[in-house]
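Notes for the one structure printed next.
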Amino acid sequence: MPIPFPSDAWAEAVKDVINSDVEYAQVAHKWEGDTIFFIEPEGSLTNPTALYLDLWHGECREARELSDPNEKKAAFTLTAPLSVFVRILQGKLDPMQAMITRQLKVSGSMVYMMKNVPTVLKFVKTCAKVDSEFPTVN
Amino acid sequence: MNGYLGKLLTVNLTTGHIAEQPIAPAHLRDFVGGASLAARLLYDRLTPDLDPLGPDNPLLFMTGPLTGSSGPAVGRYTVCAKSPATGLWAESNCGGFVGPEIRFARYDGILFTGRAASPVYLWLKDGKAELRDASHLWGGDTYETQSRIKQETAGPLTRVACIGPAGERQIPFALILNDHGRVAGRTGMGAVMGSKNLKAVAVRGSAHLPIANLAFKELRSRANVELRNDNVTRVMRETGSAGAAEYFNLLGSMPVRYYSRSGFDEVSQVSGAGMAETILTGVSTCHACVIACGRKVIIPDGPYQRGESKGPEYETIVGFGPNLEISDLAAITHLGQLCDSAGVDTISMSNIIGLAFMMYDSGVITTADTGGVELRWGDARTAESLIQQTIHRQHLGEWLAKGARECARHFGVEEMVVQVNGLEAAYHDPRGVTGMGLVYATSPRGACHNQSDYFLVEIGGSMAEIGVEMVDRLASAGKAESVARHQWWRTLNNSLVMCVFANVPPVTAFNLLNAATGFDYTFDEFFRCGERGWALKRALNNRLGLTAENDKLPKAFLTPYAEGGAAGNVPDMKVMLSKYYAVQGWDQATGRPTPAALARLGLHEVAADLWGDNIRNQVSEEPSGATQ
């Protein structure tokens with residue numbers, strides 16, 4: 001059954017998918033860095049939403065929707081309007097393209113990010129495995 | 001005249017006569033500046049029988065209408081002539097502070113002709129110019145030369161573009177260097193300076209630039225803020241241009257062992273991220289640039305110990321790293337610095353060494369050719385030895401110093417060499433990013449990545465506003481028009497002159513140009529200036545002998561890798577070239593822009609020059625696929 005994005009349940013589902021993905025565990029075995037998706041309101045999403053994922057050595061240790069977007073600080077943040085996240089998760093927008101064309105704002109250490117590009121790409125692909133229900137964008 | 005100073009400084013090195021030459025306003029509007037304007041200004045002088053190293057080859061240092069304006073990454077100039085490396089059109093642009101200083105000294109460019117009887121340098125200060133004796137500087141390296149000329153002129157604020165011993169010896173891939181290791185590296189402009197006995201150009205100026213519209217300042221500020229916060233800028237600032245090395249390695253677009261292997265296990269030891277975690281001590285910038293991609297490094301100990309100096313960028317890292325299977329970043333830094341100091345282009349030099357290693361492996365050459373040096377992959381001392389042999393034209397260096405194409409011809413290994421039209425390839429392998437195959441084959445200066453860094457589009461850098469869409473990086477179909485349009489955009493970059501590392505949207509550049517010049521281009525007119533410049537350079541090369549036969553890739557790029565991110569893939573040149581010709585309006589048989597295509601761009605004189613009496617027959621034959 002599709003899980004609504006963005007939501008606490010969706011974050012939990014990502015955690016489950018990551019923790020059962022052997023390939024992700026191998027690729028990301030050195031990764032240390034929690035991440036927040038900042039999803040800007042658009043369409044039927046009326047409030048800013050923040051999803052927190054604690055990624056550590058190929059595992060997801062914690063995943064949830066933050067009650068307050070400023071509740072936590074993370075090593076990396078990915079910020080974009082809802083439609084951009086939806087297109088990335090649907091495989092319609094390449095994550096690297098989203099970054100280069102300024103549709104997705106990335107903060108955190110670029111040194112670490114560039115050194116671990118395969119992990120980052122694998123992470124996005126793994127998130128996209130969740131059977132998601134996306135809100136209406138327009 | 002807004003945006004421009006409207007004139008060139010002309011220097012006849014044979015007679016010592018120095019004068020000024022106005023630039024026709026129509027040329028400024030049609031060609032914008034930089035390399036395109038230079039191509040128009042030099043068109044009549046560049047002939048098939050012109051010796052690139054002879055006194056008649058004109059050498060033009062050219063700026064653009066935004067140079068020195070403190071706009072986003074526009075502190076650049078370009079150097080143009082006929083290339084001793086390719087025999088074709090040459091342009092090589094360079095950052096640092098020299099370009100803005102030429103404009104502050106009240107000129108848009110400096111045109112050198114003739115040959116001085118003995119070594120000289122030009123000293124230009126606020127509109128006053130003189131040739132000074134450079135005999136005492138001859139033989140000096142590029143950093144030492146800058147220091148000494150600064151002492152002899154206006155001190156640290158003098159900006160000096162100079163050559164090293166390689167330029168003096170007219171090695172066809174000699175560079176021009178200024179400031180903290182910023183180079184006009186490709187196509188051998190340093191050799192042309194050397195052939196003219198011109199050691200350096202030293203400039204100091206204080207003029208304010210004429211800007212048409214007061215809104216320019218606001219536009220400039222906004223553009224710089226956007227650029228500073230851009231994701232790509234942050235990658236460039238934190239990791240330099242080699243920040244994507246790991247990613248390119250994953251894609252199979254970063255060549256290893258002279259284009260024979262894909263995938264370098266030690267990539268993280270030599271990448272921009274690797275540098276940031278080890279030897280990086282700071283960053284450096286060009287004039288008013290918010291990116292700061294330049295690297296400062298210290299090698300604290302070991303055989304390559306050195307104090308703070310320039311760190312290598314992507315091309316140098318791959319050329320002296322994976323290309324030669326060297327994984328020691330200190331050694332790569334050392335080899336890059338050796339090239340910069342002596343004044344040779346690191347892309348060409350590292351390619352040529354890679355070729356030498358391959359020839360040695362194949363038994364084509366032996367220690368009898370190399371002065372007793374055994375050529376071993378991964379051995380930086382071997383590479384250093386070959387650089388020294390090249391600079392001094394000793395042993396194997398006698399042939400290496402002729403460039404990869406001539407060296408391969410001499411040893412009968414034309415199928416081994418990786419070059420296009422005499423220019424050694426940059427390190428973006430078309431097997432992993434197929435659009436680069438088309439870029440290399442059609443670039444006006446050979447296998448060059450600065451006429452279009454289309455690989456960035458292939459990993460996501462699409463630009464919808466100019467019709468440059470992202471197409472699967474391994475596909476060949478559907479790329480021709482996108483590549484052409486990206487080349488037109490980069491032609492505009494090279495006209496403004498704006499750094500290709502700056503992720504500036506075309507509409508931002510368009511607004512800045514209009515505000516600076518007051519030309520009030522429409523966006524289509526602006527974009528067509530890029531297409532016009534591209535067509536002009538093609539026509540110029542056709543005039544110099546280039547035909548459709550030249551638009552081809554070396555064998556290596558058409559031989560698939562067995563492994564890695566590009567395994568089994570090669571660019572389908574037949575598919576891409578045919579459509580590409582149609583988009584550009586190039587004649588399929590001759591490779592020339594058709595008279596109709598040239599006429600559409602307002603290049604009537606060029607059409608008449610290129611087609612002569614055949615023009616009437618050709619005007620009605622423009623390929624139907626040509627775009628407006």
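Residue numbers start at 1 in each chain; chains themselves are named A, B, ... in the order of the structure tokens; ligands are numbered from 1 in the order shown.
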Could you give me the residues within stretch 314-527 of chain B that DSSP places in alpha helix (DSSP H), as a JSON list (two decimals) with C-alpha atoms, in the first residue's frame?
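Below is the file that was written, out27.json:
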```json
[["chain", "number", "residue", "atom", "x", "y", "z"],
["B", 314, "TYR", "CA", 41.47, 18.47, -12.79],
["B", 315, "GLU", "CA", 43.24, 18.20, -16.15],
["B", 316, "THR", "CA", 46.69, 18.28, -14.59],
["B", 317, "ILE", "CA", 45.67, 15.77, -11.93],
["B", 318, "VAL", "CA", 44.28, 13.29, -14.44],
["B", 319, "GLY", "CA", 47.07, 13.89, -16.95],
["B", 320, "PHE", "CA", 49.88, 13.24, -14.50],
["B", 329, "LEU", "CA", 49.36, 13.88, -5.24],
["B", 330, "ALA", "CA", 52.64, 15.46, -4.15],
["B", 331, "ALA", "CA", 54.32, 14.09, -7.28],
["B", 332, "ILE", "CA", 51.46, 15.29, -9.48],
["B", 333, "THR", "CA", 51.73, 18.75, -7.94],
["B", 334, "HIS", "CA", 55.46, 18.72, -8.63],
["B", 335, "LEU", "CA", 55.02, 17.72, -12.28],
["B", 336, "GLY", "CA", 52.34, 20.37, -12.80],
["B", 337, "GLN", "CA", 54.53, 23.04, -11.28],
["B", 338, "LEU", "CA", 57.46, 21.97, -13.40],
["B", 339, "CYS", "CA", 55.33, 22.44, -16.52],
["B", 340, "ASP", "CA", 53.97, 25.80, -15.37],
["B", 341, "SER", "CA", 57.41, 27.13, -14.52],
["B", 342, "ALA", "CA", 58.95, 26.03, -17.81],
["B", 346, "THR", "CA", 50.03, 20.16, -18.81],
["B", 347, "ILE", "CA", 47.30, 18.52, -20.90],
["B", 348, "SER", "CA", 49.53, 18.25, -23.96],
["B", 349, "MET", "CA", 52.64, 17.35, -21.99],
["B", 350, "SER", "CA", 50.98, 14.57, -20.00],
["B", 351, "ASN", "CA", 49.34, 13.19, -23.14],
["B", 352, "ILE", "CA", 52.68, 13.10, -24.90],
["B", 353, "ILE", "CA", 54.30, 11.30, -21.99],
["B", 354, "GLY", "CA", 51.43, 8.81, -22.01],
["B", 355, "LEU", "CA", 52.06, 8.21, -25.69],
["B", 356, "ALA", "CA", 55.76, 7.71, -24.99],
["B", 357, "PHE", "CA", 54.94, 5.13, -22.31],
["B", 358, "MET", "CA", 52.68, 3.28, -24.75],
["B", 359, "MET", "CA", 55.37, 3.32, -27.43],
["B", 360, "TYR", "CA", 57.88, 1.99, -24.94],
["B", 361, "ASP", "CA", 55.51, -0.78, -23.86],
["B", 380, "ALA", "CA", 56.79, 10.14, -11.44],
["B", 381, "ARG", "CA", 60.56, 10.45, -11.83],
["B", 382, "THR", "CA", 60.27, 8.97, -15.31],
["B", 383, "ALA", "CA", 57.62, 11.54, -16.20],
["B", 384, "GLU", "CA", 59.81, 14.30, -14.79],
["B", 385, "SER", "CA", 62.70, 13.13, -16.91],
["B", 386, "LEU", "CA", 60.58, 13.24, -20.06],
["B", 387, "ILE", "CA", 59.37, 16.75, -19.24],
["B", 388, "GLN", "CA", 62.99, 17.87, -18.90],
["B", 389, "GLN", "CA", 63.96, 16.11, -22.13],
["B", 390, "THR", "CA", 61.08, 17.87, -23.88],
["B", 391, "ILE", "CA", 61.84, 21.33, -22.59],
["B", 397, "GLY", "CA", 62.44, 15.07, -26.13],
["B", 398, "GLU", "CA", 63.47, 16.10, -29.62],
["B", 399, "TRP", "CA", 60.35, 14.30, -30.88],
["B", 400, "LEU", "CA", 58.11, 14.82, -27.87],
["B", 404, "ALA", "CA", 51.83, 14.08, -29.99],
["B", 405, "ARG", "CA", 50.65, 14.03, -33.60],
["B", 406, "GLU", "CA", 54.07, 14.72, -35.11],
["B", 407, "CYS", "CA", 55.77, 12.42, -32.63],
["B", 408, "ALA", "CA", 53.39, 9.58, -33.55],
["B", 409, "ARG", "CA", 53.96, 10.20, -37.25],
["B", 410, "HIS", "CA", 57.70, 10.01, -36.79],
["B", 411, "PHE", "CA", 57.49, 6.68, -35.00],
["B", 435, "GLY", "CA", 28.67, 14.16, -26.65],
["B", 436, "MET", "CA", 32.32, 14.95, -26.05],
["B", 437, "GLY", "CA", 33.12, 12.91, -29.14],
["B", 438, "LEU", "CA", 31.22, 15.39, -31.23],
["B", 439, "VAL", "CA", 32.76, 18.29, -29.31],
["B", 440, "TYR", "CA", 36.31, 17.05, -29.89],
["B", 441, "ALA", "CA", 35.71, 16.28, -33.55],
["B", 442, "THR", "CA", 34.25, 19.69, -34.39],
["B", 455, "PHE", "CA", 30.19, 16.49, -20.28],
["B", 456, "LEU", "CA", 28.62, 18.76, -17.67],
["B", 457, "VAL", "CA", 25.35, 18.66, -19.59],
["B", 458, "GLU", "CA", 25.62, 14.89, -19.80],
["B", 480, "ALA", "CA", 23.70, 16.78, -32.15],
["B", 481, "GLU", "CA", 21.54, 19.87, -31.77],
["B", 482, "SER", "CA", 22.13, 20.02, -28.04],
["B", 483, "VAL", "CA", 25.89, 19.92, -28.56],
["B", 484, "ALA", "CA", 25.72, 22.61, -31.24],
["B", 485, "ARG", "CA", 23.67, 24.90, -29.05],
["B", 486, "HIS", "CA", 26.02, 24.34, -26.12],
["B", 487, "GLN", "CA", 28.97, 25.23, -28.37],
["B", 488, "TRP", "CA", 27.23, 28.48, -29.31],
["B", 489, "TRP", "CA", 26.72, 29.25, -25.64],
["B", 490, "ARG", "CA", 30.34, 28.56, -24.81],
["B", 491, "THR", "CA", 31.35, 30.68, -27.79],
["B", 492, "LEU", "CA", 29.50, 33.50, -26.03],
["B", 493, "ASN", "CA", 31.35, 32.67, -22.82],
["B", 494, "ASN", "CA", 34.61, 32.93, -24.72],
["B", 495, "SER", "CA", 33.48, 36.27, -26.14],
["B", 496, "LEU", "CA", 32.41, 37.93, -22.90],
["B", 506, "PRO", "CA", 22.54, 32.49, -20.10],
["B", 507, "VAL", "CA", 19.80, 35.00, -19.38],
["B", 508, "THR", "CA", 21.93, 36.50, -16.60],
["B", 509, "ALA", "CA", 24.86, 36.93, -18.98],
["B", 510, "PHE", "CA", 22.48, 38.42, -21.53],
["B", 511, "ASN", "CA", 21.14, 40.99, -19.06],
["B", 512, "LEU", "CA", 24.64, 41.92, -17.92],
["B", 513, "LEU", "CA", 25.85, 42.39, -21.48],
["B", 514, "ASN", "CA", 22.93, 44.61, -22.38],
["B", 515, "ALA", "CA", 23.38, 46.67, -19.25],
["B", 516, "ALA", "CA", 27.11, 47.07, -19.86],
["B", 517, "THR", "CA", 26.96, 47.90, -23.58],
["B", 523, "PHE", "CA", 17.86, 37.21, -26.34],
["B", 524, "ASP", "CA", 17.76, 35.62, -29.80],
["B", 525, "GLU", "CA", 20.18, 38.22, -31.15],
["B", 526, "PHE", "CA", 22.47, 37.64, -28.20],
["B", 527, "PHE", "CA", 22.43, 33.88, -28.68]]
```
Excluding same-chain residues fewer than 4 positions from A:Ser109, what lies within 8 Å of it counting only C-alpha atoms, as a ChimeraX atom specification? /A:75-76,113
Store the residues picked out above, limited to N, CA and C atoms, as a CSV table (one decimal), in the first residue's frame.
```
chain,number,residue,atom,x,y,z
A,75,ALA,N,24.3,16.9,9.2
A,75,ALA,CA,25.5,17.1,8.4
A,75,ALA,C,25.2,17.6,7.0
A,76,PHE,N,24.1,17.1,6.5
A,76,PHE,CA,23.7,17.5,5.1
A,76,PHE,C,22.2,17.9,5.1
A,113,MET,N,30.8,15.1,0.3
A,113,MET,CA,29.8,14.7,-0.7
A,113,MET,C,30.4,14.2,-2.0
```
Counting only C-alpha atoms, chain A residues within 6 Å of chain B, as a PyMOL selection string: chain A and resi 96-97+100+110-111+115
Give me the residues near stretch 130-135 of chain A as a list of chain:residue names, where near means some atom within 10 Å (using only C-alpha atoms) and where sequence neighbours in that chain fewer than 3 positions away do not count. A:Met1, A:Pro2, A:Ile3, A:Pro4, A:Phe5, A:Pro6, A:Trp10, A:Ala11, A:Ala13, A:Val14, A:Lys15, A:Asp16, A:Val17, A:Ile18, A:Glu42, A:Gly43, A:Ser44, A:Leu45, A:Leu82, A:Ser83, A:Phe85, A:Val86, A:Arg87, A:Leu89, A:Gln90, A:Lys125, A:Thr126, A:Cys127, A:Asn138
Write the selection just made, keeping N, CA and C atoms, as an mmCIF file, in the first residue's frame?
```cif
data_model
loop_
_atom_site.group_PDB
_atom_site.id
_atom_site.type_symbol
_atom_site.label_atom_id
_atom_site.label_comp_id
_atom_site.auth_asym_id
_atom_site.auth_seq_id
_atom_site.Cartn_x
_atom_site.Cartn_y
_atom_site.Cartn_z
ATOM 1 N N MET A 1 0.849 -1.194 0.000
ATOM 2 C CA MET A 1 0.000 0.000 0.000
ATOM 3 C C MET A 1 0.893 1.256 0.000
ATOM 4 N N PRO A 2 0.619 2.183 -0.927
ATOM 5 C CA PRO A 2 1.474 3.380 -1.026
ATOM 6 C C PRO A 2 1.486 4.191 0.271
ATOM 7 N N ILE A 3 2.643 4.722 0.569
ATOM 8 C CA ILE A 3 2.810 5.510 1.799
ATOM 9 C C ILE A 3 2.921 6.991 1.431
ATOM 10 N N PRO A 4 2.148 7.841 2.095
ATOM 11 C CA PRO A 4 2.147 9.260 1.711
ATOM 12 C C PRO A 4 3.523 9.913 1.897
ATOM 13 N N PHE A 5 3.907 10.689 0.925
ATOM 14 C CA PHE A 5 5.142 11.488 1.010
ATOM 15 C C PHE A 5 4.733 12.949 1.030
ATOM 16 N N PRO A 6 5.283 13.758 1.889
ATOM 17 C CA PRO A 6 6.242 13.450 2.954
ATOM 18 C C PRO A 6 5.491 13.169 4.260
ATOM 19 N N TRP A 10 6.517 7.652 5.880
ATOM 20 C CA TRP A 10 7.394 7.529 4.707
ATOM 21 C C TRP A 10 8.861 7.449 5.153
ATOM 22 N N ALA A 11 9.221 8.291 6.111
ATOM 23 C CA ALA A 11 10.591 8.247 6.636
ATOM 24 C C ALA A 11 10.889 6.870 7.228
ATOM 25 N N ALA A 13 9.509 4.109 6.376
ATOM 26 C CA ALA A 13 9.596 3.156 5.256
ATOM 27 C C ALA A 13 10.966 3.221 4.593
ATOM 28 N N VAL A 14 11.502 4.430 4.465
ATOM 29 C CA VAL A 14 12.849 4.578 3.900
ATOM 30 C C VAL A 14 13.856 3.847 4.777
ATOM 31 N N LYS A 15 13.703 4.019 6.068
ATOM 32 C CA LYS A 15 14.611 3.343 7.012
ATOM 33 C C LYS A 15 14.576 1.828 6.784
ATOM 34 N N ASP A 16 13.378 1.293 6.663
ATOM 35 C CA ASP A 16 13.241 -0.154 6.450
ATOM 36 C C ASP A 16 13.892 -0.591 5.142
ATOM 37 N N VAL A 17 13.646 0.182 4.093
ATOM 38 C CA VAL A 17 14.205 -0.176 2.773
ATOM 39 C C VAL A 17 15.732 -0.134 2.823
ATOM 40 N N ILE A 18 16.260 0.920 3.417
ATOM 41 C CA ILE A 18 17.723 1.052 3.501
ATOM 42 C C ILE A 18 18.317 -0.109 4.296
ATOM 43 N N GLU A 42 4.045 23.369 -1.648
ATOM 44 C CA GLU A 42 3.651 23.526 -3.046
ATOM 45 C C GLU A 42 2.388 22.698 -3.231
ATOM 46 N N GLY A 43 1.463 23.139 -4.033
ATOM 47 C CA GLY A 43 0.251 22.380 -4.290
ATOM 48 C C GLY A 43 -0.501 22.078 -3.006
ATOM 49 N N SER A 44 -0.789 20.805 -2.814
ATOM 50 C CA SER A 44 -1.576 20.432 -1.629
ATOM 51 C C SER A 44 -0.743 20.367 -0.351
ATOM 52 N N LEU A 45 0.556 20.512 -0.456
ATOM 53 C CA LEU A 45 1.405 20.584 0.742
ATOM 54 C C LEU A 45 1.466 22.052 1.171
ATOM 55 N N LEU A 82 8.331 20.818 -3.180
ATOM 56 C CA LEU A 82 7.771 19.472 -3.213
ATOM 57 C C LEU A 82 7.926 18.814 -4.583
ATOM 58 N N SER A 83 7.614 19.571 -5.648
ATOM 59 C CA SER A 83 7.599 18.968 -6.992
ATOM 60 C C SER A 83 8.969 18.423 -7.389
ATOM 61 N N PHE A 85 11.309 17.185 -5.280
ATOM 62 C CA PHE A 85 11.488 15.903 -4.575
ATOM 63 C C PHE A 85 10.667 14.799 -5.243
ATOM 64 N N VAL A 86 9.454 15.138 -5.608
ATOM 65 C CA VAL A 86 8.581 14.129 -6.225
ATOM 66 C C VAL A 86 9.198 13.627 -7.530
ATOM 67 N N ARG A 87 9.670 14.546 -8.359
ATOM 68 C CA ARG A 87 10.243 14.137 -9.657
ATOM 69 C C ARG A 87 11.512 13.314 -9.457
ATOM 70 N N LEU A 89 12.187 11.385 -6.834
ATOM 71 C CA LEU A 89 11.792 10.072 -6.299
ATOM 72 C C LEU A 89 11.051 9.235 -7.337
ATOM 73 N N GLN A 90 10.416 9.887 -8.278
ATOM 74 C CA GLN A 90 9.739 9.158 -9.356
ATOM 75 C C GLN A 90 10.715 8.767 -10.475
ATOM 76 N N LYS A 125 18.501 6.400 -4.967
ATOM 77 C CA LYS A 125 17.840 5.260 -5.626
ATOM 78 C C LYS A 125 17.100 4.394 -4.614
ATOM 79 N N THR A 126 17.704 4.230 -3.462
ATOM 80 C CA THR A 126 17.092 3.394 -2.433
ATOM 81 C C THR A 126 15.818 4.055 -1.904
ATOM 82 N N CYS A 127 15.869 5.369 -1.696
ATOM 83 C CA CYS A 127 14.666 6.092 -1.256
ATOM 84 C C CYS A 127 13.534 5.916 -2.269
ATOM 85 N N ASN A 138 0.235 20.586 -8.387
ATOM 86 C CA ASN A 138 -0.412 21.794 -8.919
ATOM 87 C C ASN A 138 -1.922 21.762 -8.655
#
```
DSSP on the backbone: which residues in stretch 6-67 of chain A end up as strand (DSSP E)? Give the answer as an MDAnalysis selection string. chainID A and resid 35:40 49:56 59:65
Would you pick out the contacts of stretch 35-39 of chain A at 7 Å or less, using only C-alpha atoms, so that residues sharing its chain but fewer than 5 positions from it are not included, and give the list as a PyMOL selection string? chain A and resi 48-54+74-82
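Atom pair atom CA of B:Glu325 / atom CA of B:Gly378: separated by 4.5 Å.
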So that I can see what lies close to stretch 86-95 of chain B, please list as a PyMOL selection string the residues with an atom at most 9 Å from it, counting only C-alpha atoms and leaving out residues fewer than 6 positions away in the same chain. chain B and resi 34-35+38-39+46+48+50-52+73-80+172+176-179+182-189+285-287+420-423+444-446+450+494+497+499+537-538+540-542+544-546
Create the file for the chosen residues now, containing N, CA and C atoms and written as a compact mmCIF listing (two decimals), in the first residue's frame.
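That gives us part17.txt:
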```
# COMPACT_ATOMS: atom_id res chain seq x y z
N GLY B 34 36.23 39.16 -27.01
CA GLY B 34 37.01 37.94 -26.81
C GLY B 34 37.41 37.24 -28.09
N ALA B 35 37.25 35.93 -28.09
CA ALA B 35 37.76 35.12 -29.20
C ALA B 35 36.98 35.35 -30.49
N ALA B 38 38.12 38.56 -31.92
CA ALA B 38 39.50 38.36 -32.40
C ALA B 38 39.50 37.64 -33.74
N ALA B 39 38.63 36.63 -33.88
CA ALA B 39 38.57 35.89 -35.14
C ALA B 39 38.17 36.82 -36.28
N LEU B 46 44.98 35.63 -41.49
CA LEU B 46 45.32 34.22 -41.27
C LEU B 46 45.12 33.43 -42.56
N PRO B 48 46.50 30.26 -45.44
CA PRO B 48 47.03 28.89 -45.39
C PRO B 48 48.56 28.83 -45.35
N LEU B 50 50.61 30.99 -44.07
CA LEU B 50 51.19 31.76 -42.96
C LEU B 50 51.90 30.82 -42.00
N ASP B 51 53.17 31.11 -41.73
CA ASP B 51 53.94 30.31 -40.76
C ASP B 51 53.54 30.75 -39.35
N PRO B 52 52.97 29.82 -38.55
CA PRO B 52 52.55 30.22 -37.19
C PRO B 52 53.70 30.77 -36.34
N ALA B 73 32.65 36.01 -12.58
CA ALA B 73 33.74 35.25 -13.22
C ALA B 73 34.10 35.78 -14.60
N VAL B 74 34.27 37.08 -14.72
CA VAL B 74 34.59 37.68 -16.02
C VAL B 74 35.96 38.37 -16.01
N GLY B 75 36.84 37.95 -15.15
CA GLY B 75 38.17 38.56 -15.12
C GLY B 75 39.14 37.89 -16.09
N ARG B 76 38.69 37.61 -17.29
CA ARG B 76 39.52 36.80 -18.19
C ARG B 76 39.86 37.53 -19.48
N TYR B 77 40.89 37.04 -20.15
CA TYR B 77 41.24 37.52 -21.49
C TYR B 77 41.57 36.30 -22.33
N THR B 78 41.70 36.52 -23.63
CA THR B 78 42.01 35.41 -24.51
C THR B 78 43.16 35.80 -25.44
N VAL B 79 43.94 34.82 -25.85
CA VAL B 79 45.06 35.08 -26.74
C VAL B 79 44.83 34.28 -28.02
N CYS B 80 44.92 34.96 -29.16
CA CYS B 80 44.55 34.34 -30.44
C CYS B 80 45.62 34.56 -31.50
N PRO B 172 55.61 23.77 -29.57
CA PRO B 172 54.28 24.15 -30.07
C PRO B 172 53.14 24.04 -29.06
N ILE B 176 51.24 30.55 -21.96
CA ILE B 176 51.45 31.88 -21.37
C ILE B 176 50.90 31.79 -19.95
N LEU B 177 51.66 32.30 -19.00
CA LEU B 177 51.25 32.21 -17.59
C LEU B 177 51.24 33.59 -16.95
N ASN B 178 50.26 33.82 -16.09
CA ASN B 178 50.28 35.03 -15.27
C ASN B 178 49.80 34.73 -13.85
N ASP B 179 50.10 35.68 -12.97
CA ASP B 179 49.65 35.59 -11.58
C ASP B 179 50.04 34.25 -10.94
N ARG B 182 47.88 31.03 -13.42
CA ARG B 182 46.77 31.02 -14.38
C ARG B 182 47.38 31.01 -15.78
N VAL B 183 46.86 30.12 -16.62
CA VAL B 183 47.53 29.92 -17.90
C VAL B 183 46.59 29.98 -19.09
N ALA B 184 47.12 30.53 -20.19
CA ALA B 184 46.54 30.33 -21.51
C ALA B 184 47.32 29.14 -22.05
N GLY B 185 46.78 27.95 -21.82
CA GLY B 185 47.60 26.76 -21.95
C GLY B 185 47.61 26.11 -23.32
N ARG B 186 46.46 26.14 -24.00
CA ARG B 186 46.33 25.29 -25.16
C ARG B 186 46.65 26.05 -26.46
N THR B 187 47.01 25.30 -27.46
CA THR B 187 47.26 25.76 -28.84
C THR B 187 48.57 26.53 -29.03
N GLY B 188 49.41 26.57 -28.02
CA GLY B 188 50.78 27.04 -28.24
C GLY B 188 50.99 28.53 -28.38
N MET B 189 50.18 29.30 -27.66
CA MET B 189 50.36 30.76 -27.78
C MET B 189 51.68 31.23 -27.17
N THR B 285 41.92 33.18 -6.22
CA THR B 285 40.87 33.63 -7.15
C THR B 285 41.46 34.41 -8.31
N CYS B 286 40.64 34.54 -9.32
CA CYS B 286 40.91 35.51 -10.39
C CYS B 286 40.24 36.84 -9.98
N HIS B 287 40.35 37.83 -10.82
CA HIS B 287 39.83 39.15 -10.51
C HIS B 287 38.34 39.10 -10.12
N VAL B 420 43.10 15.33 -31.86
CA VAL B 420 42.27 15.71 -33.00
C VAL B 420 42.89 16.97 -33.62
N ASN B 421 43.23 16.87 -34.86
CA ASN B 421 43.79 17.99 -35.62
C ASN B 421 45.01 18.63 -34.97
N GLY B 422 45.77 17.79 -34.25
CA GLY B 422 47.03 18.28 -33.69
C GLY B 422 46.95 18.68 -32.24
N LEU B 423 45.75 18.72 -31.68
CA LEU B 423 45.64 19.06 -30.25
C LEU B 423 45.36 17.80 -29.45
N PRO B 444 36.95 24.13 -33.04
CA PRO B 444 37.87 24.84 -33.95
C PRO B 444 39.34 24.71 -33.56
N ARG B 445 39.61 24.21 -32.37
CA ARG B 445 41.03 24.10 -32.00
C ARG B 445 41.44 22.68 -31.64
N GLY B 446 40.71 21.67 -32.13
CA GLY B 446 41.10 20.29 -31.86
C GLY B 446 40.39 19.72 -30.66
N ASN B 450 37.17 23.19 -23.77
CA ASN B 450 36.74 24.53 -23.40
C ASN B 450 35.88 25.22 -24.46
N ASN B 494 33.26 32.59 -24.29
CA ASN B 494 34.61 32.93 -24.72
C ASN B 494 34.68 34.30 -25.39
N VAL B 497 34.63 37.88 -21.69
CA VAL B 497 35.04 36.50 -21.64
C VAL B 497 34.68 35.99 -20.24
N CYS B 499 34.24 32.80 -17.44
CA CYS B 499 34.79 31.49 -17.10
C CYS B 499 33.73 30.40 -17.23
N LYS B 537 34.67 30.95 -36.92
CA LYS B 537 35.89 30.18 -36.63
C LYS B 537 35.96 28.94 -37.52
N ARG B 538 34.81 28.33 -37.78
CA ARG B 538 34.80 27.18 -38.68
C ARG B 538 35.25 27.60 -40.09
N LEU B 540 37.02 30.13 -40.89
CA LEU B 540 38.44 30.47 -40.83
C LEU B 540 39.30 29.21 -40.95
N ASN B 541 38.89 28.19 -40.24
CA ASN B 541 39.64 26.93 -40.32
C ASN B 541 39.51 26.29 -41.69
N ASN B 542 38.33 26.39 -42.31
CA ASN B 542 38.18 25.89 -43.68
C ASN B 542 39.15 26.62 -44.60
N LEU B 544 41.91 27.75 -43.78
CA LEU B 544 43.27 27.27 -43.48
C LEU B 544 43.47 25.82 -43.89
N GLY B 545 42.44 25.22 -44.48
CA GLY B 545 42.61 23.87 -45.03
C GLY B 545 41.79 22.78 -44.38
N LEU B 546 41.04 23.11 -43.35
CA LEU B 546 40.24 22.09 -42.67
C LEU B 546 39.05 21.67 -43.53
```
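The closest residue to A:Asn116, picked from A:Asp68, A:Lys129, A:Ser7, A:Trp31 and counting only C-alpha atoms, is A:Trp31.
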How many Å separate atom CA of B:Thr370 from atom CA of B:His392?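 The value is 13.1 Å.
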